[in-house]
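**Q** Below is a structure I'd like to ask you about.
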Amino acid sequence: MSGLEFLSKAQVALVVENDRKKAFDLYQKAIKRIMERENPLTLVSAQRTPSMTDDVPSEALAFAFLSFSASFRDPTTNFTEATVPEAFKLLSSFRPNSQNKDLKGPRFASPRAQFLLKCLQISALLTLGLLAWDAKDRAKAAKRYKEALELAASEPRLTTRTPAVGLETWIAHEVREIRDNLEILVRNDEENAEVLRRMGVQGGNTRKEEVRVPNVRVEAGGAVRQEWSTVSATDACGRCGVRDVKLEKCARCKKMKYCGKKCQTEDWKSHKANCIPAA
């Protein structure tokens with residue numbers, strides 16, 4: 001059975017049978033079949049149909065991946081690394097540093113196929129970031145978003161105000177969501193750090209550091225749950241306080257972090273006394 005046939009069956013399962021798990025499994029089969037044996041640029045149809053909005057890609061692989069990743073993002077499905085490990089493995093295999101051999105073969109050698117692959121990688125990183133955030137690993141979520149934005153920055157077609165219909169528009173929307181989500185994580189860290197400062201408590205300056213401040217988390221269905229701690233998603237520069245996913249560590253103590261050499265140099269007088277060489 002071809003990838004297009006698996007994709008067609010998935011659409012029937014989703015739209016006609018309302019069986020999201022069956023559709024999810026068929027989308028995976030469509031993705032794997034195209035990656036392993038077929039042309040990744042194969043189109044769903046020769047011409048775009050009226051039902052295809054501007055943000056729906058024409059390429060069968062991209063169409064299947066859009067639906068596959070959307071299933072992970074739907075809070076009602078409960079598709080996570082724990083519940084669907086093989087599907088999560090497939091999703092993770094689209095990370096830029098993945099060792100997925102199917103994505104390194106001749107079928108992805110052309111410029112357009114390389115662009116398609118980069119788009120799928122960006123979508124995968126957004127989905128992985130959302131799953132990490134749901135799992136309360138805000139630091140990993142921020143890291144995935146940062147990776148996605150760096151990838152998108154290398155493609156002007158994804159950052160233009162007027163992306164082409166289909167693949168480009170889909171990923172341009174994803175990039176905006178990634179940027180918004182990363183801004184939220186940074187802003188939350190800044191707000192939490194300010195709360196700690198007012199309380200006279202140190203903390204919240206390093207990624208993955210647990211911050212003892214109250215936070216409200218909105219669950220699926222709109223339920224609100226009070227939490228009494230969160231994990232910092234970003235590092236804070238030891239000099240200017242600017243936040244980012246990963247800053248440069250002091251080469252001597254391996255602890256203090258800076259946004260660049262300028263801030264590190266300016267902070268040396270105050271940092272020198274506490275800069276104990278790392279073992």
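Just so we're on the same page: first chain in the structure tokens is A, next is B, and so on; residues restart at 1 for each chain, and ligands are numbered from 1 in the order they show up.
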Mind checking which residues fall within 9 Å of segment 47-53 of chain A, counting only C-alpha atoms, ignoring those fewer than 5 positions away in the same chain, and posting them as a PyMOL selection string?

**A** chain A and resi 58+165-166

**Q** Could you build a table of the residues in segment 238-271 of chain A lying no more than 10 Å from segment 181-191 of chain A, giving for each the nearest pair of atoms and their separation in Å rounded to one decimal place, using only C-alpha atoms, ordered by chain and ascending residue number, as CSV?

**A**
residue,atom,partner,partner_atom,distance
A:Gly241,CA,A:Glu190,CA,9.0
A:Val242,CA,A:Glu190,CA,9.0
A:Arg243,CA,A:Val186,CA,6.6
A:Asp244,CA,A:Val186,CA,7.4
A:Val245,CA,A:Val186,CA,8.7

**Q** Given the selection you just returned, output its residues as a file containing C-alpha atoms, formatted as a PDB file, in the first residue's frame.

**A**
ATOM      1  CA  GLY A 241      19.990  39.863  33.548  1.00  0.00           C
ATOM      2  CA  VAL A 242      18.940  39.182  29.961  1.00  0.00           C
ATOM      3  CA  ARG A 243      17.419  35.738  29.602  1.00  0.00           C
ATOM      4  CA  ASP A 244      18.047  33.034  27.028  1.00  0.00           C
ATOM      5  CA  VAL A 245      17.822  29.267  26.739  1.00  0.00           C
TER       6      VAL A 245
END

**Q** DSSP says helix (DSSP H, G or I) for which residues of segment 48-138 of chain A? Put them as a short mmCIF file (atom, residue, chain, number, x, y, z; two decimals) with C-alpha atoms, in the first residue's frame?

**A**
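As a result, selection12.cif now contains:
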data_model
loop_
_atom_site.label_atom_id
_atom_site.label_comp_id
_atom_site.auth_asym_id
_atom_site.auth_seq_id
_atom_site.Cartn_x
_atom_site.Cartn_y
_atom_site.Cartn_z
CA ALA A 60 1.41 14.10 1.01
CA LEU A 61 4.25 13.72 3.52
CA ALA A 62 3.67 17.19 4.94
CA PHE A 63 -0.11 16.69 4.99
CA ALA A 64 0.29 13.46 6.96
CA PHE A 65 2.83 15.05 9.31
CA LEU A 66 0.55 18.03 9.98
CA SER A 67 -2.25 15.68 11.05
CA PHE A 68 0.16 13.44 12.98
CA SER A 69 1.62 16.32 14.99
CA ALA A 70 -1.84 17.85 15.53
CA SER A 71 -2.90 14.60 17.22
CA PHE A 72 -0.08 14.99 19.75
CA ARG A 73 -1.11 18.58 20.43
CA PRO A 85 6.25 5.54 22.67
CA GLU A 86 6.69 4.38 19.06
CA ALA A 87 4.83 7.39 17.70
CA PHE A 88 6.89 9.67 19.94
CA LYS A 89 10.04 8.01 18.62
CA LEU A 90 8.92 8.78 15.07
CA LEU A 91 8.24 12.40 16.02
CA SER A 92 11.65 12.73 17.70
CA LYS A 101 18.77 7.35 7.94
CA ASP A 102 15.60 7.71 5.86
CA LEU A 103 15.98 11.50 6.02
CA PRO A 106 18.90 10.62 -2.02
CA ARG A 107 15.14 11.18 -1.87
CA PHE A 108 15.79 14.27 0.28
CA PRO A 111 16.64 21.75 -2.71
CA ARG A 112 12.85 21.49 -2.50
CA ALA A 113 13.02 18.19 -0.59
CA GLN A 114 15.57 19.73 1.79
CA PHE A 115 13.24 22.66 2.35
CA LEU A 116 10.34 20.27 3.02
CA LEU A 117 12.47 18.37 5.53
CA LYS A 118 13.40 21.58 7.31
CA CYS A 119 9.70 22.47 7.57
CA LEU A 120 8.89 19.09 9.09
CA GLN A 121 11.75 19.50 11.56
CA ILE A 122 10.38 22.86 12.69
CA SER A 123 6.91 21.40 13.19
CA ALA A 124 8.38 18.45 15.11
CA LEU A 125 10.32 20.80 17.39
CA LEU A 126 7.19 22.82 18.14
CA THR A 127 5.29 19.64 19.00
CA LEU A 128 8.14 18.32 21.16
CA GLY A 129 8.28 21.69 22.90
CA LEU A 130 4.57 21.61 23.67
CA LEU A 131 4.81 18.05 25.00
CA ALA A 132 7.76 19.04 27.21
CA TRP A 133 5.82 22.02 28.53
CA ASP A 134 2.84 19.78 29.30
CA ARG A 138 9.88 24.16 30.73
#
